[in-house]
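Shown here: upload.csv, CSV, C-alpha atoms.
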```csv
chain,number,residue,atom,x,y,z
O,1,MET,CA,-126.3,-80.6,202.9
O,2,ASP,CA,-126.6,-83.5,200.4
O,3,GLU,CA,-123.6,-82.4,198.4
O,4,VAL,CA,-121.4,-82.0,201.4
O,5,LEU,CA,-122.3,-85.5,202.7
O,6,ARG,CA,-121.9,-87.0,199.2
O,7,ALA,CA,-118.5,-85.4,198.7
O,8,VAL,CA,-117.3,-86.6,202.2
O,9,ALA,CA,-118.5,-90.1,201.4
O,10,VAL,CA,-116.8,-90.2,198.0
O,11,TYR,CA,-113.6,-88.7,199.4
O,12,GLY,CA,-113.5,-91.3,202.2
O,13,LEU,CA,-114.3,-94.2,199.9
O,14,LEU,CA,-111.7,-93.2,197.3
O,15,LEU,CA,-109.1,-92.8,200.1
O,16,VAL,CA,-109.8,-96.3,201.4
O,17,ILE,CA,-109.9,-97.8,197.9
O,18,PHE,CA,-106.6,-96.3,196.8
O,19,ARG,CA,-105.0,-97.0,200.1
O,20,LEU,CA,-106.0,-100.7,199.8
O,21,SER,CA,-105.0,-100.9,196.2
O,22,GLY,CA,-101.4,-100.2,197.1
O,23,LYS,CA,-98.7,-97.6,196.4
O,24,ARG,CA,-98.0,-98.7,192.8
O,25,THR,CA,-101.5,-98.5,191.5
O,26,LEU,CA,-101.5,-94.9,190.3
O,27,ALA,CA,-97.7,-94.6,189.9
O,28,GLN,CA,-97.7,-97.3,187.2
O,29,MET,CA,-100.4,-95.8,185.0
O,30,THR,CA,-101.1,-97.8,181.9
O,31,PRO,CA,-103.5,-96.7,179.2
O,32,PHE,CA,-106.1,-99.1,180.7
O,33,ASP,CA,-105.6,-97.4,184.1
O,34,LEU,CA,-106.3,-94.1,182.5
O,35,VAL,CA,-109.5,-95.4,181.0
O,36,LEU,CA,-110.5,-96.8,184.4
O,37,LEU,CA,-110.0,-93.3,185.9
O,38,LEU,CA,-112.2,-91.8,183.3
O,39,VAL,CA,-114.9,-94.3,184.1
O,40,PHE,CA,-114.5,-93.5,187.8
O,41,SER,CA,-115.0,-89.8,187.1
O,42,GLU,CA,-118.1,-90.5,185.0
O,43,VAL,CA,-119.7,-92.7,187.6
O,44,LEU,CA,-118.8,-90.4,190.5
O,45,GLN,CA,-120.2,-87.3,188.7
O,46,THR,CA,-123.7,-88.7,189.1
O,47,ALA,CA,-123.1,-89.8,192.6
O,48,LEU,CA,-121.8,-86.4,193.6
O,49,VAL,CA,-124.3,-84.0,192.1
O,50,ASP,CA,-127.3,-86.3,191.4
O,51,ASP,CA,-129.8,-84.2,189.2
O,52,ASP,CA,-128.6,-80.8,190.5
O,53,SER,CA,-127.2,-79.0,187.6
O,54,SER,CA,-126.7,-75.7,189.4
O,55,LEU,CA,-123.4,-73.9,189.5
O,56,THR,CA,-123.7,-73.6,193.3
O,57,GLY,CA,-124.1,-77.4,193.7
O,58,ALA,CA,-120.9,-78.1,191.7
O,59,PHE,CA,-119.1,-75.3,193.7
O,60,ILE,CA,-120.1,-76.9,197.0
O,61,VAL,CA,-118.8,-80.4,195.9
O,62,ILE,CA,-115.5,-78.9,194.8
O,63,LEU,CA,-115.2,-76.8,198.0
O,64,THR,CA,-115.9,-79.8,200.2
O,65,LEU,CA,-113.4,-82.0,198.5
O,66,VAL,CA,-110.7,-79.3,198.6
O,67,THR,CA,-111.4,-78.4,202.2
O,68,LEU,CA,-111.2,-82.1,203.2
O,69,ASP,CA,-107.9,-82.4,201.4
O,70,ILE,CA,-106.5,-79.3,203.2
O,71,GLY,CA,-107.9,-80.5,206.5
O,72,LEU,CA,-106.3,-84.0,206.1
O,73,SER,CA,-103.0,-82.5,205.0
O,74,LEU,CA,-103.0,-80.3,208.2
O,75,ILE,CA,-103.8,-83.4,210.3
O,76,LYS,CA,-101.0,-85.4,208.7
O,77,GLN,CA,-98.6,-82.5,209.2
O,78,ARG,CA,-99.4,-82.4,213.0
O,79,PHE,CA,-99.8,-86.1,213.6
O,80,GLN,CA,-97.2,-88.5,212.1
O,81,GLY,CA,-99.4,-91.5,213.0
O,82,ALA,CA,-102.2,-90.1,210.9
O,83,GLU,CA,-99.8,-89.6,208.0
O,84,LYS,CA,-98.7,-93.3,208.2
O,85,VAL,CA,-102.3,-94.5,208.3
O,86,LEU,CA,-103.5,-92.3,205.4
O,87,ASP,CA,-100.4,-92.3,203.2
O,88,GLY,CA,-98.4,-95.2,204.4
O,89,ALA,CA,-94.6,-95.1,204.9
O,90,PRO,CA,-91.7,-95.4,202.5
O,91,VAL,CA,-90.5,-99.0,202.1
O,92,ILE,CA,-86.9,-100.0,201.4
O,93,ILE,CA,-86.9,-102.6,198.7
O,94,LEU,CA,-83.2,-102.8,197.9
O,95,ASP,CA,-80.6,-102.3,200.6
O,96,ASP,CA,-76.9,-102.3,200.0
O,97,GLY,CA,-77.3,-104.0,196.7
O,98,ARG,CA,-79.5,-106.8,198.1
O,99,LEU,CA,-83.1,-107.1,196.9
O,100,LEU,CA,-85.6,-107.5,199.7
O,101,ARG,CA,-87.8,-109.9,197.8
O,102,ASP,CA,-90.5,-110.4,200.4
O,103,ARG,CA,-91.2,-106.7,200.5
O,104,MET,CA,-91.0,-106.4,196.7
O,105,GLU,CA,-93.5,-109.2,196.4
O,106,ARG,CA,-96.0,-107.6,198.8
O,107,GLU,CA,-95.7,-104.3,197.0
O,108,ARG,CA,-96.0,-105.9,193.6
O,109,ILE,CA,-92.6,-104.7,192.4
O,110,ASP,CA,-90.1,-106.7,190.4
O,111,GLU,CA,-86.4,-106.2,189.5
O,112,GLY,CA,-87.5,-104.6,186.2
O,113,ASP,CA,-89.3,-101.8,188.0
O,114,ILE,CA,-86.3,-101.0,190.1
O,115,LEU,CA,-84.0,-101.1,187.1
O,116,SER,CA,-86.4,-98.9,185.1
O,117,ALA,CA,-86.5,-96.3,187.9
O,118,ALA,CA,-82.7,-96.5,188.1
O,119,ARG,CA,-82.2,-96.0,184.4
O,120,GLN,CA,-84.7,-93.1,184.2
O,121,SER,CA,-83.5,-91.2,187.3
O,122,GLN,CA,-79.8,-92.0,187.5
O,123,GLY,CA,-78.8,-93.5,184.2
O,124,ILE,CA,-77.8,-96.7,186.1
O,125,GLU,CA,-77.6,-100.0,184.2
O,126,SER,CA,-77.3,-102.7,186.8
O,127,LEU,CA,-78.4,-103.4,190.4
O,128,ASP,CA,-74.8,-103.5,191.6
O,129,GLN,CA,-74.6,-99.8,191.1
O,130,ILE,CA,-77.6,-99.1,193.4
O,131,LYS,CA,-76.9,-98.6,197.1
O,132,ARG,CA,-80.6,-98.4,198.1
O,133,ALA,CA,-84.0,-98.3,196.4
O,134,VAL,CA,-87.0,-97.0,198.3
O,135,LEU,CA,-90.7,-97.3,197.3
O,136,GLU,CA,-92.0,-93.8,198.3
O,137,GLN,CA,-95.6,-93.1,199.6
O,138,SER,CA,-96.4,-91.7,196.1
O,139,GLY,CA,-95.6,-95.1,194.5
O,140,VAL,CA,-92.4,-93.7,192.9
O,141,ILE,CA,-89.2,-95.7,193.4
O,142,SER,CA,-86.3,-93.5,194.6
O,143,ILE,CA,-82.8,-94.7,193.7
O,144,ILE,CA,-79.7,-93.9,195.7
O,145,PRO,CA,-76.6,-94.8,193.7
O,146,ARG,CA,-73.5,-96.4,195.3
O,147,GLU,CA,-71.0,-93.7,194.4
O,148,SER,CA,-72.8,-90.4,195.0
O,149,GLY,CA,-76.1,-89.4,196.6
O,150,GLY,CA,-79.1,-89.0,194.4
O,151,GLN,CA,-82.8,-89.6,194.3
O,152,ALA,CA,-86.2,-89.6,192.6
O,153,GLY,CA,-87.5,-92.0,189.9
L,1,MET,CA,-101.8,-79.7,199.4
L,2,THR,CA,-99.7,-79.1,202.5
L,3,ALA,CA,-99.5,-76.4,205.0
L,4,GLY,CA,-96.6,-73.9,204.8
L,5,GLU,CA,-93.3,-74.4,206.4
L,6,GLY,CA,-91.4,-71.7,208.3
L,7,VAL,CA,-91.3,-68.2,207.0
L,8,ARG,CA,-87.5,-68.0,206.9
L,9,GLN,CA,-85.8,-69.1,203.8
L,10,PRO,CA,-82.2,-70.7,203.9
L,11,ASP,CA,-79.5,-68.1,203.1
L,12,ASP,CA,-78.3,-70.0,200.1
L,13,VAL,CA,-81.6,-69.6,198.2
L,14,HIS,CA,-81.0,-66.9,195.5
L,15,LEU,CA,-84.3,-66.4,193.9
L,16,ASP,CA,-85.7,-62.8,193.8
L,17,GLU,CA,-85.3,-62.3,197.5
L,18,PRO,CA,-86.0,-60.3,199.6
L,19,ARG,CA,-88.8,-59.1,197.3
L,20,ASP,CA,-90.2,-62.7,197.0
L,21,GLN,CA,-90.3,-63.2,200.8
L,22,ALA,CA,-92.9,-60.5,201.2
L,23,LEU,CA,-94.9,-61.9,198.3
L,24,MET,CA,-94.6,-65.4,199.8
L,25,ARG,CA,-95.9,-64.2,203.2
L,26,ARG,CA,-98.8,-62.4,201.6
L,27,GLU,CA,-99.6,-65.6,199.6
L,28,TRP,CA,-99.6,-67.7,202.7
L,29,THR,CA,-101.8,-65.2,204.5
L,30,VAL,CA,-104.3,-65.1,201.6
L,31,GLN,CA,-104.2,-68.9,201.4
L,32,ARG,CA,-105.1,-69.3,205.1
L,33,ILE,CA,-107.9,-66.8,204.8
L,34,GLY,CA,-109.1,-68.8,201.8
L,35,TRP,CA,-109.1,-72.0,203.8
L,36,VAL,CA,-111.2,-70.5,206.6
L,37,THR,CA,-113.6,-69.0,204.0
L,38,MET,CA,-113.9,-72.4,202.3
L,39,LEU,CA,-114.6,-74.2,205.6
L,40,LEU,CA,-117.3,-71.6,206.5
L,41,LEU,CA,-118.9,-72.1,203.1
L,42,VAL,CA,-118.9,-75.9,203.5
L,43,ILE,CA,-120.5,-75.5,207.0
L,44,ALA,CA,-123.1,-73.1,205.5
L,45,ALA,CA,-123.8,-75.6,202.8
L,46,PHE,CA,-124.1,-78.4,205.3
L,47,PHE,CA,-126.8,-76.5,207.2
L,48,GLY,CA,-128.7,-75.7,204.0
L,49,LEU,CA,-127.8,-72.0,203.8
L,50,LEU,CA,-126.8,-72.5,200.2
L,51,GLY,CA,-129.9,-74.4,199.3
L,52,PRO,CA,-131.9,-77.3,200.6
L,53,PRO,CA,-131.8,-79.7,202.3
L,54,GLY,CA,-130.4,-78.7,205.7
L,55,LEU,CA,-131.5,-77.7,209.1
L,56,ALA,CA,-131.7,-74.0,208.3
L,57,SER,CA,-132.8,-74.4,204.6
L,58,THR,CA,-136.5,-73.8,204.9
L,59,ALA,CA,-138.9,-71.2,206.3
L,60,THR,CA,-142.6,-71.3,206.7
L,61,VAL,CA,-145.1,-68.5,205.9
L,62,THR,CA,-148.7,-68.6,207.2
L,63,SER,CA,-151.6,-66.5,205.8
L,64,ALA,CA,-153.2,-63.9,208.0
L,65,GLY,CA,-156.3,-66.1,208.5
L,66,GLY,CA,-154.2,-69.2,209.2
L,67,THR,CA,-155.9,-71.3,206.5
L,68,ILE,CA,-152.8,-71.8,204.4
L,69,ALA,CA,-149.2,-72.3,205.3
L,70,VAL,CA,-146.3,-72.8,203.0
L,71,GLU,CA,-142.9,-74.3,203.8
L,72,TYR,CA,-140.4,-73.1,201.2
L,73,PRO,CA,-136.6,-73.0,200.8
L,74,ARG,CA,-135.1,-69.7,201.9
L,75,VAL,CA,-132.3,-70.1,199.4
L,76,ASP,CA,-132.8,-72.2,196.2
L,77,ARG,CA,-130.7,-73.1,193.2
L,78,HIS,CA,-131.2,-72.5,189.6
L,79,HIS,CA,-132.3,-75.7,187.7
L,80,SER,CA,-132.1,-77.8,190.9
L,81,PRO,CA,-135.0,-79.9,192.1
L,82,SER,CA,-136.9,-78.1,194.9
L,83,THR,CA,-140.0,-78.6,197.0
L,84,LEU,CA,-142.8,-76.5,198.4
L,85,VAL,CA,-145.1,-78.0,201.0
L,86,ILE,CA,-148.5,-76.3,201.2
L,87,GLU,CA,-150.8,-77.1,204.2
L,88,ILE,CA,-154.4,-76.1,203.9
L,89,ALA,CA,-156.7,-76.0,206.9
L,90,PRO,CA,-159.8,-78.3,206.7
L,91,ASP,CA,-162.2,-75.4,206.8
L,92,ALA,CA,-161.0,-74.3,203.4
L,93,VAL,CA,-162.5,-77.4,201.8
L,94,GLU,CA,-165.6,-76.7,199.7
L,95,ASN,CA,-167.7,-79.4,198.2
L,96,GLY,CA,-164.9,-81.9,198.7
L,97,GLU,CA,-162.3,-79.9,196.9
L,98,VAL,CA,-159.7,-77.2,197.4
L,99,ARG,CA,-158.9,-74.6,194.8
L,100,LEU,CA,-155.3,-73.3,195.0
L,101,TRP,CA,-153.9,-70.6,192.8
L,102,ILE,CA,-150.3,-69.6,192.0
L,103,SER,CA,-149.6,-66.3,190.4
L,104,ARG,CA,-148.8,-66.3,186.7
L,105,ASP,CA,-145.6,-64.3,187.3
L,106,ALA,CA,-144.3,-67.0,189.7
L,107,ILE,CA,-145.3,-69.9,187.4
L,108,ASP,CA,-143.5,-68.2,184.5
L,109,THR,CA,-140.2,-68.3,186.4
L,110,LEU,CA,-140.7,-72.0,187.5
L,111,THR,CA,-140.7,-75.4,185.8
L,112,VAL,CA,-143.4,-77.3,187.7
L,113,ASP,CA,-142.4,-80.9,187.7
L,114,PHE,CA,-145.4,-82.4,189.6
L,115,PHE,CA,-147.8,-82.1,192.5
L,116,ILE,CA,-148.5,-84.7,195.2
L,117,PRO,CA,-151.4,-85.4,195.0
L,118,GLU,CA,-152.0,-84.6,191.4
L,119,PRO,CA,-154.6,-81.9,190.8
L,120,GLU,CA,-158.0,-82.9,189.4
L,121,SER,CA,-157.9,-79.9,187.0
L,122,VAL,CA,-155.8,-76.9,186.0
L,123,GLN,CA,-157.4,-73.7,184.9
L,124,VAL,CA,-155.2,-70.9,183.4
L,125,GLU,CA,-156.5,-67.4,184.1
L,126,PRO,CA,-154.9,-64.1,182.9
L,127,ASP,CA,-152.9,-63.4,186.1
L,128,ARG,CA,-152.9,-66.8,187.9
L,129,VAL,CA,-153.2,-70.6,187.4
L,130,VAL,CA,-155.8,-72.4,189.5
L,131,TYR,CA,-155.3,-76.0,190.5
L,132,THR,CA,-158.2,-78.0,191.9
L,133,PHE,CA,-157.5,-80.8,194.3
L,134,THR,CA,-159.8,-83.4,195.8
L,135,ALA,CA,-160.0,-83.4,199.6
L,136,ASP,CA,-160.7,-87.0,200.6
L,137,ALA,CA,-160.3,-87.0,204.4
L,138,ALA,CA,-162.8,-84.6,205.9
L,139,GLY,CA,-161.6,-82.7,208.9
L,140,GLN,CA,-157.9,-83.3,208.1
L,141,PRO,CA,-155.5,-80.6,206.9
L,142,ILE,CA,-154.7,-81.0,203.2
L,143,ARG,CA,-151.0,-81.3,202.4
L,144,ILE,CA,-149.9,-80.6,198.9
L,145,THR,CA,-146.3,-81.0,197.8
L,146,LEU,CA,-145.1,-79.1,194.7
L,147,LYS,CA,-141.9,-80.3,193.1
L,148,TYR,CA,-140.3,-77.7,190.8
L,149,GLU,CA,-137.2,-76.0,189.5
L,150,HIS,CA,-136.4,-72.3,189.3
L,151,ASP,CA,-135.7,-71.0,185.8
L,152,SER,CA,-134.4,-67.6,187.0
L,153,PHE,CA,-131.7,-66.3,189.4
L,154,TRP,CA,-131.8,-64.0,192.4
L,155,ARG,CA,-134.9,-63.0,194.4
L,156,GLN,CA,-138.1,-64.5,193.2
L,157,GLU,CA,-141.6,-63.4,194.3
L,158,ILE,CA,-144.1,-66.2,194.7
L,159,ASP,CA,-147.7,-65.5,195.5
L,160,LEU,CA,-150.2,-68.3,196.0
L,161,GLY,CA,-153.5,-68.7,197.8
L,162,LEU,CA,-156.9,-70.2,197.9
L,163,VAL,CA,-159.6,-69.0,195.5
L,164,ASP,CA,-161.8,-66.7,197.5
L,165,GLY,CA,-159.6,-67.3,200.5
L,166,ASP,CA,-156.3,-66.5,202.1
L,167,ALA,CA,-153.1,-65.9,200.2
L,168,VAL,CA,-149.4,-65.9,201.1
L,169,SER,CA,-146.4,-64.3,199.5
L,170,PHE,CA,-142.7,-65.3,199.9
L,171,SER,CA,-139.4,-64.5,198.2
L,172,PRO,CA,-136.8,-67.3,198.0
L,173,PHE,CA,-133.3,-66.2,196.9
L,174,VAL,CA,-132.2,-68.3,193.9
L,175,LEU,CA,-128.5,-68.9,193.5
L,176,PRO,CA,-127.0,-69.7,190.0
```

Conversion result in structure tokens:
Amino acid sequence: MDEVLRAVAVYGLLLVIFRLSGKRTLAQMTPFDLVLLLVFSEVLQTALVDDDSSLTGAFIVILTLVTLDIGLSLIKQRFQGAEKVLDGAPVIILDDGRLLRDRMERERIDEGDILSAARQSQGIESLDQIKRAVLEQSGVISIIPRESGGQAG
Amino acid sequence: MTAGEGVRQPDDVHLDEPRDQALMRREWTVQRIGWVTMLLLVIAAFFGLLGPPGLASTATVTSAGGTIAVEYPRVDRHHSPSTLVIEIAPDAVENGEVRLWISRDAIDTLTVDFFIPEPESVQVEPDRVVYTFTADAAGQPIRITLKYEHDSFWRQEIDLGLVDGDAVSFSPFVLP
């Protein structure tokens, strides 16, 4: 029982922390973020299994986390409201060539991030060539160029 | 992870169809069976069926004479902290002490971490280990807690009892 409750608590806590930290937190992973993630995993390992070194204990923790993940994905699929609460919604940050600075500021995005996504996904050099930029739920910036349709960054 | 979409594929998808469609359906079916199995295992773990703690995790065995009762985990885990609670009736106390033995075969498959209360003395005999505890409160049942870990897998036979008194035998199943 302990492992199941611990796994549920850790899953819920991580869900809230990453939801509060914003969409760009994991999408913009710097070497320091990677080190932070490794530290998280080290700290959580003790919290999840305590001094139980059995294979069954580890198996239960993994099963609980995966089952929770599947369960939440099913809930999100059936209830759009739940998806918005758990994953957020895509945010338009550049519309018809116009930067929506208020939204960009709130999502901690600057012009450079949009241009970087535009260069990487579409080979676009300037903001004039972008029809629309969208910050997706995953934290990735999708770019729709002016001339032809396209996406993903 | 997301649930599957409709079974039909658009006509303009030219993978290895229709062979892959059958494979895809089988994969989805297996996945859903897997999800239900995982959920059942998590529920079983929650109730202690894969090891303590949990509502269904422990069983109690009482000796024929009723002087010793042991609460033990039905299913235990290899190298995972576990607990035996031994209750001894007051009439088993002799000269202010209780002498409890555990079979040597059982002790050899366990790592005994500690007893609460600590035994006054430990005596190793050829086929058993005898622990002597002081019984302070006269007329009260004596409760001894043993913290231990299993060193072996599968079904384990544990015999314990009172010297010149009742004994019990039980078999926890130890998961890896």

Give the residues of chain L that lie within 6 Å of chain O; count only C-alpha atoms, and format the answer as a PyMOL selection string. chain L and resi 2+42+45-48+53-54+78-80+176

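In this model, the gap between atom CA of Glu120 of chain L and atom CA of Pro90 of chain L comes to 18.0 Å.
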
With only C-alpha atoms as the counted atoms, please give the residues lying no more than 10 Å from segment 127-137 of chain O, apart from itself and same-chain residues fewer than 6 positions off, as JSON, numbers by chain. {"O": [22, 23, 24, 84, 86, 87, 88, 89, 90, 91, 92, 93, 94, 95, 96, 97, 98, 99, 100, 103, 104, 107, 109, 111, 114, 115, 117, 118, 143, 144, 145, 146, 147, 148, 149, 151, 152, 153]}

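If you look at atom CA of Asp76 of chain L and atom CA of Gly51 of chain L, they are 4.8 Å away from each other.
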
Spatial neighbours of segment 107-112 of chain L, 12 Å, all atoms listed in the file, chain gap at least 6 places, as an MDAnalysis selection string: chainID L and resid 76:84 101 118 124:125 127:130 145:160 174

What is the atom CA of Val85 of chain L-atom CA of Phe115 of chain L distance in Å, reported with one decimal? 9.8 Å

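Considering the residues L:Thr62, L:Ser57, L:Thr67, L:Thr134 and counting only C-alpha atoms, Asn95 of chain L has its shortest atom-to-atom contact with L:Thr134.
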
With a distance cut-off of 8 Å and all atoms listed in the file, select the neighbouring residues of Val61 of chain L, excluding the residue or stretch itself and same-chain residues fewer than 4 positions from it, and output the selection as a ChimeraX atom specification. /L:69-71,168-170

Which residue, L:Leu39, L:Ile86, L:Val75, L:Ala56, has the smallest gap to Ser171 of chain L when you use all atoms listed in the file? L:Val75

Neighbours of Pro119 of chain L within 9 Å (all atoms listed in the file; same-chain residues fewer than 3 positions away dropped), as a PyMOL selection string? chain L and resi 115-116+122+131-134

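Residue nearest Val43 of chain O within the list O:Leu20, O:Met29, O:Val10, O:Leu15: O:Val10 [criterion: smallest interatomic distance, only C-alpha atoms].
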
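Among L:Gly165, L:Phe173, L:Asp20, L:Thr60, the residue with the shortest atom-to-atom distance to Glu94 of chain L, counting all atoms listed in the file, is L:Gly165.
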
For Asp166 of chain L, find every residue with an atom within 8 Å (counting all atoms listed in the file), except residues of its own chain fewer than 3 positions away, and show them as a PyMOL selection string. chain L and resi 63-68+161-163
